[in-house]
Protein chains: 2
Amino acid sequence: MQSIEEGIEKKLRSISYRIRCSGREVLRDFPITPAQFDVLQYIYFSGDKRMTDVSNYLGITKSTTTGLVQRIVELGYLKKDKSNRDRRSYIIKITNSGKRIIQKVIEKRVEYIKGIIEKIQTDKVEKLSGILSEFLDIIQKK
Amino acid sequence: MQSIEEGIEKKLRSISYRIRCSGREVLRDFPITPAQFDVLQYIYFSGDKRMTDVSNYLGITKSTTTGLVQRIVELGYLKKDKSNRDRRSYIIKITNSGKRIIQKVIEKRVEYIKGIIEKIQTDKVEKLSGILSEFLDIIQKK
């Protein structure tokens with residue numbers, strides 16, 4: 001017998017996976033690979049980063065990270081600024097075109113969700129939204 | 001003003017992110033990097049794969065993929081079998097210890113969710129579970 005938490009975990013996992021895939025369809029229109037997009041997303045949501053942060057986040061070597069980031073810089077989605085604290089190192093920032101890709105992906109996800117909730121009764125959708133808020137509030141207080 | 005679908009997208013995204021982080025805490029107990037775990041997870045959920053599939057999935061070159069997979073094979077979480085169709089290529093499979101890591105991560109996620117829903121009224125949790133089922137049914141019929 002599956003417990004309620006096991007059921008919720010599985011459903012949330014499947015739903016998130018499908019929403020993620022739908023969003024990533026947008027990437028076909030851009031010259032960016034999934035691995036590059038992961039880096040972009042990380043910097044978009046958690047702010048400017050040093051090469052070491054990216055390397056730790058991905059769990060790949062510093063040299064592989066440098067190559068990966070460099071290719072995204074060449075695409076114009078990230079930029080490297082000399083660090084003020086340590087002139088030998090760089091701060092990696094997202095550019096406006098980098099932000100636009102993330103926003104396009106989010107728009108696609110929203111559109112996908114819209115297509116689903118249109119098929120669910122309005123009061124249930126509102127209930128879902130409310131319970132998710134409560135769920136998130138508890139997470140944020142943790 | 002945020003639309004209901006925008007709100008649900010954002011909440012689901014934040015919730016999934018936090019659940020994912022909680023699950024991945026388990027990885028500290030294993031000698032596996034996040035990039036290696038991504039490959040493991042991909043093969044666990046979508047079955048045996050060729051090197052080309054992994055390479056396409058990650059959007060990285062065939063040689064980077066070969067190195068990445070080889071390290072996971074050395075850790076004992078994946079194994080490479082000669083393909084029956086093409087003796088020059090390999091089929092990559094997950095081993096029992098590989099499966100155990102994924103299961104540990106899922107257990108951790110379930111435990112994390114349990115800690116949250118315990119703080120929500122039972123009838124709301126059941127409602128959430130029911131609406132998520134409906135949501136997933138619609139996705140699967142798409």
# chains A, B, ... in the order shown; residues from 1 in each chain; ligands from 1
call {"tool": "closest_atom_pairs", "arguments": {"of": "chain B", "to": "chain A", "cutoff": "6 Å", "atoms": "only C-alpha atoms", "output": "CSV"}}
result
residue,atom,partner,partner_atom,distance
B:Glu5,CA,A:Lys114,CA,5.5
B:Glu6,CA,A:Val110,CA,5.6
B:Ile8,CA,A:Ser129,CA,5.9
B:Glu9,CA,A:Val110,CA,5.8
B:Thr33,CA,A:Gly59,CA,5.0
B:Pro34,CA,A:Gly59,CA,5.5
B:Ala35,CA,A:Leu58,CA,6.0
B:Leu58,CA,A:Pro34,CA,5.8
B:Gly59,CA,A:Thr33,CA,5.0
B:Val110,CA,A:Glu6,CA,5.6
B:Lys114,CA,A:Glu5,CA,5.5
B:Ser129,CA,A:Ile8,CA,5.9
call {"tool": "select_by_dssp", "arguments": {"residues": "region 57-138 of chain B", "states": "strand (DSSP E or B)", "output": "PyMOL selection string"}}
result
chain B and resi 78-82+90-94
call {"tool": "write_last_selection", "arguments": {"atoms": "N, CA and C atoms", "output": "short mmCIF file (atom, residue, chain, number, x, y, z; two decimals), in the first residue's frame"}}
result
data_model
loop_
_atom_site.label_atom_id
_atom_site.label_comp_id
_atom_site.auth_asym_id
_atom_site.auth_seq_id
_atom_site.Cartn_x
_atom_site.Cartn_y
_atom_site.Cartn_z
N LEU B 78 26.61 1.78 -12.82
CA LEU B 78 26.16 1.46 -14.18
C LEU B 78 27.02 0.31 -14.68
N LYS B 79 26.52 -0.40 -15.68
CA LYS B 79 27.37 -1.39 -16.36
C LYS B 79 27.16 -1.27 -17.87
N LYS B 80 28.21 -1.66 -18.61
CA LYS B 80 28.11 -1.60 -20.06
C LYS B 80 28.08 -3.02 -20.61
N ASP B 81 27.06 -3.32 -21.39
CA ASP B 81 26.99 -4.63 -22.05
C ASP B 81 27.12 -4.42 -23.55
N LYS B 82 27.80 -5.35 -24.21
CA LYS B 82 27.89 -5.28 -25.67
C LYS B 82 26.48 -5.39 -26.25
N TYR B 90 27.75 -0.27 -27.14
CA TYR B 90 27.39 -0.75 -25.81
C TYR B 90 25.97 -0.33 -25.42
N ILE B 91 25.38 -1.14 -24.58
CA ILE B 91 24.12 -0.78 -23.96
C ILE B 91 24.46 -0.46 -22.50
N ILE B 92 24.01 0.70 -22.03
CA ILE B 92 24.32 1.08 -20.66
C ILE B 92 23.13 0.75 -19.76
N LYS B 93 23.43 0.01 -18.70
CA LYS B 93 22.37 -0.43 -17.78
C LYS B 93 22.67 0.01 -16.36
N ILE B 94 21.64 0.13 -15.56
CA ILE B 94 21.85 0.48 -14.15
C ILE B 94 22.04 -0.81 -13.35
#
call {"tool": "closest_residue", "arguments": {"among": "A:Ile43, A:Val105, A:Met1, A:Val54", "to": "Asp29 (chain A)", "atoms": "only C-alpha atoms"}}
result
A:Val105
call {"tool": "closest_residue", "arguments": {"among": "A:Ser22, A:Gln2, A:Thr65, A:Gln41", "to": "Lys99 (chain A)", "atoms": "only C-alpha atoms"}}
result
A:Gln41
call {"tool": "select_by_dssp", "arguments": {"residues": "region 20-91 of chain A", "states": "helix (DSSP H, G or I)", "output": "number ranges by chain"}}
result
A: 20-29, 34-46, 51-58, 62-75
call {"tool": "write_last_selection", "arguments": {"atoms": "N, CA and C atoms", "output": "compact mmCIF listing (two decimals), in the first residue's frame"}}
result
# COMPACT_ATOMS: atom_id res chain seq x y z
N ARG A 20 8.68 20.34 -17.01
CA ARG A 20 10.05 20.68 -17.39
C ARG A 20 10.30 20.37 -18.87
N CYS A 21 9.85 19.18 -19.30
CA CYS A 21 10.04 18.80 -20.71
C CYS A 21 9.33 19.79 -21.63
N SER A 22 8.11 20.19 -21.24
CA SER A 22 7.37 21.12 -22.10
C SER A 22 8.13 22.43 -22.21
N GLY A 23 8.64 22.94 -21.11
CA GLY A 23 9.39 24.20 -21.12
C GLY A 23 10.63 24.10 -21.98
N ARG A 24 11.30 22.97 -21.87
CA ARG A 24 12.57 22.81 -22.58
C ARG A 24 12.42 22.65 -24.09
N GLU A 25 11.18 22.40 -24.53
CA GLU A 25 10.94 22.35 -25.99
C GLU A 25 11.37 23.65 -26.66
N VAL A 26 11.22 24.74 -25.90
CA VAL A 26 11.59 26.06 -26.39
C VAL A 26 13.07 26.12 -26.80
N LEU A 27 13.89 25.33 -26.10
CA LEU A 27 15.34 25.37 -26.32
C LEU A 27 15.74 24.96 -27.74
N ARG A 28 14.84 24.22 -28.40
CA ARG A 28 15.11 23.84 -29.79
C ARG A 28 15.30 25.06 -30.68
N ASP A 29 14.64 26.16 -30.28
CA ASP A 29 14.74 27.40 -31.09
C ASP A 29 16.01 28.20 -30.79
N PRO A 34 21.16 21.31 -23.30
CA PRO A 34 20.59 21.16 -21.95
C PRO A 34 21.60 21.48 -20.85
N ALA A 35 22.84 21.03 -21.01
CA ALA A 35 23.87 21.26 -19.99
C ALA A 35 24.15 22.76 -19.85
N GLN A 36 24.17 23.46 -20.97
CA GLN A 36 24.38 24.91 -20.93
C GLN A 36 23.18 25.60 -20.28
N PHE A 37 21.99 25.11 -20.61
CA PHE A 37 20.78 25.71 -20.04
C PHE A 37 20.75 25.56 -18.52
N ASP A 38 21.22 24.42 -18.02
CA ASP A 38 21.28 24.21 -16.56
C ASP A 38 22.11 25.29 -15.87
N VAL A 39 23.22 25.64 -16.49
CA VAL A 39 24.10 26.66 -15.92
C VAL A 39 23.38 28.02 -15.94
N LEU A 40 22.75 28.30 -17.07
CA LEU A 40 22.05 29.57 -17.25
C LEU A 40 20.96 29.74 -16.18
N GLN A 41 20.21 28.68 -15.99
CA GLN A 41 19.12 28.65 -15.04
C GLN A 41 19.64 28.85 -13.60
N TYR A 42 20.74 28.20 -13.31
CA TYR A 42 21.34 28.30 -11.98
C TYR A 42 21.70 29.75 -11.69
N ILE A 43 22.31 30.43 -12.66
CA ILE A 43 22.74 31.81 -12.46
C ILE A 43 21.54 32.76 -12.46
N TYR A 44 20.56 32.48 -13.28
CA TYR A 44 19.34 33.31 -13.31
C TYR A 44 18.65 33.30 -11.95
N PHE A 45 18.52 32.11 -11.37
CA PHE A 45 17.76 32.02 -10.12
C PHE A 45 18.58 32.28 -8.86
N SER A 46 19.90 32.09 -8.95
CA SER A 46 20.63 32.31 -7.70
C SER A 46 21.68 33.41 -7.78
N MET A 51 33.37 30.95 -10.93
CA MET A 51 33.55 29.68 -11.64
C MET A 51 33.48 28.50 -10.66
N THR A 52 34.08 28.68 -9.49
CA THR A 52 34.09 27.64 -8.45
C THR A 52 32.67 27.25 -8.02
N ASP A 53 31.78 28.27 -7.91
CA ASP A 53 30.40 27.98 -7.51
C ASP A 53 29.72 27.09 -8.55
N VAL A 54 29.92 27.44 -9.83
CA VAL A 54 29.30 26.68 -10.92
C VAL A 54 29.85 25.25 -10.92
N SER A 55 31.17 25.17 -10.75
CA SER A 55 31.84 23.88 -10.72
C SER A 55 31.32 23.01 -9.56
N ASN A 56 31.16 23.60 -8.38
CA ASN A 56 30.62 22.86 -7.23
C ASN A 56 29.17 22.44 -7.47
N TYR A 57 28.41 23.38 -8.02
CA TYR A 57 26.99 23.12 -8.26
C TYR A 57 26.81 21.92 -9.19
N LEU A 58 27.59 21.89 -10.27
CA LEU A 58 27.44 20.81 -11.25
C LEU A 58 28.22 19.55 -10.87
N LYS A 62 36.87 22.09 -12.55
CA LYS A 62 37.00 23.50 -12.86
C LYS A 62 37.27 23.70 -14.36
N SER A 63 38.08 22.83 -14.96
CA SER A 63 38.42 23.04 -16.37
C SER A 63 37.24 22.72 -17.30
N THR A 64 36.47 21.68 -16.96
CA THR A 64 35.27 21.38 -17.76
C THR A 64 34.28 22.54 -17.64
N THR A 65 34.15 23.08 -16.41
CA THR A 65 33.25 24.20 -16.16
C THR A 65 33.67 25.42 -16.98
N THR A 66 34.97 25.69 -16.99
CA THR A 66 35.48 26.85 -17.72
C THR A 66 35.09 26.76 -19.20
N GLY A 67 35.25 25.57 -19.78
CA GLY A 67 34.91 25.36 -21.18
C GLY A 67 33.42 25.55 -21.43
N LEU A 68 32.62 24.96 -20.53
CA LEU A 68 31.15 25.04 -20.63
C LEU A 68 30.69 26.50 -20.56
N VAL A 69 31.19 27.21 -19.55
CA VAL A 69 30.80 28.62 -19.36
C VAL A 69 31.26 29.45 -20.57
N GLN A 70 32.49 29.19 -21.03
CA GLN A 70 33.03 29.95 -22.15
C GLN A 70 32.12 29.85 -23.39
N ARG A 71 31.61 28.64 -23.63
CA ARG A 71 30.73 28.47 -24.80
C ARG A 71 29.43 29.27 -24.62
N ILE A 72 28.94 29.37 -23.39
CA ILE A 72 27.70 30.14 -23.17
C ILE A 72 27.99 31.64 -23.30
N VAL A 73 29.19 32.04 -22.90
CA VAL A 73 29.61 33.43 -23.06
C VAL A 73 29.66 33.77 -24.56
N GLU A 74 30.21 32.83 -25.34
CA GLU A 74 30.31 33.06 -26.79
C GLU A 74 28.93 33.15 -27.45
N LEU A 75 27.96 32.44 -26.87
CA LEU A 75 26.59 32.51 -27.39
C LEU A 75 25.92 33.84 -27.00
call {"tool": "atom_distance", "arguments": {"atom1": "CA of Asp86 (chain B)", "atom2": "CA of Gly98 (chain B)"}}
result
25.2 Å
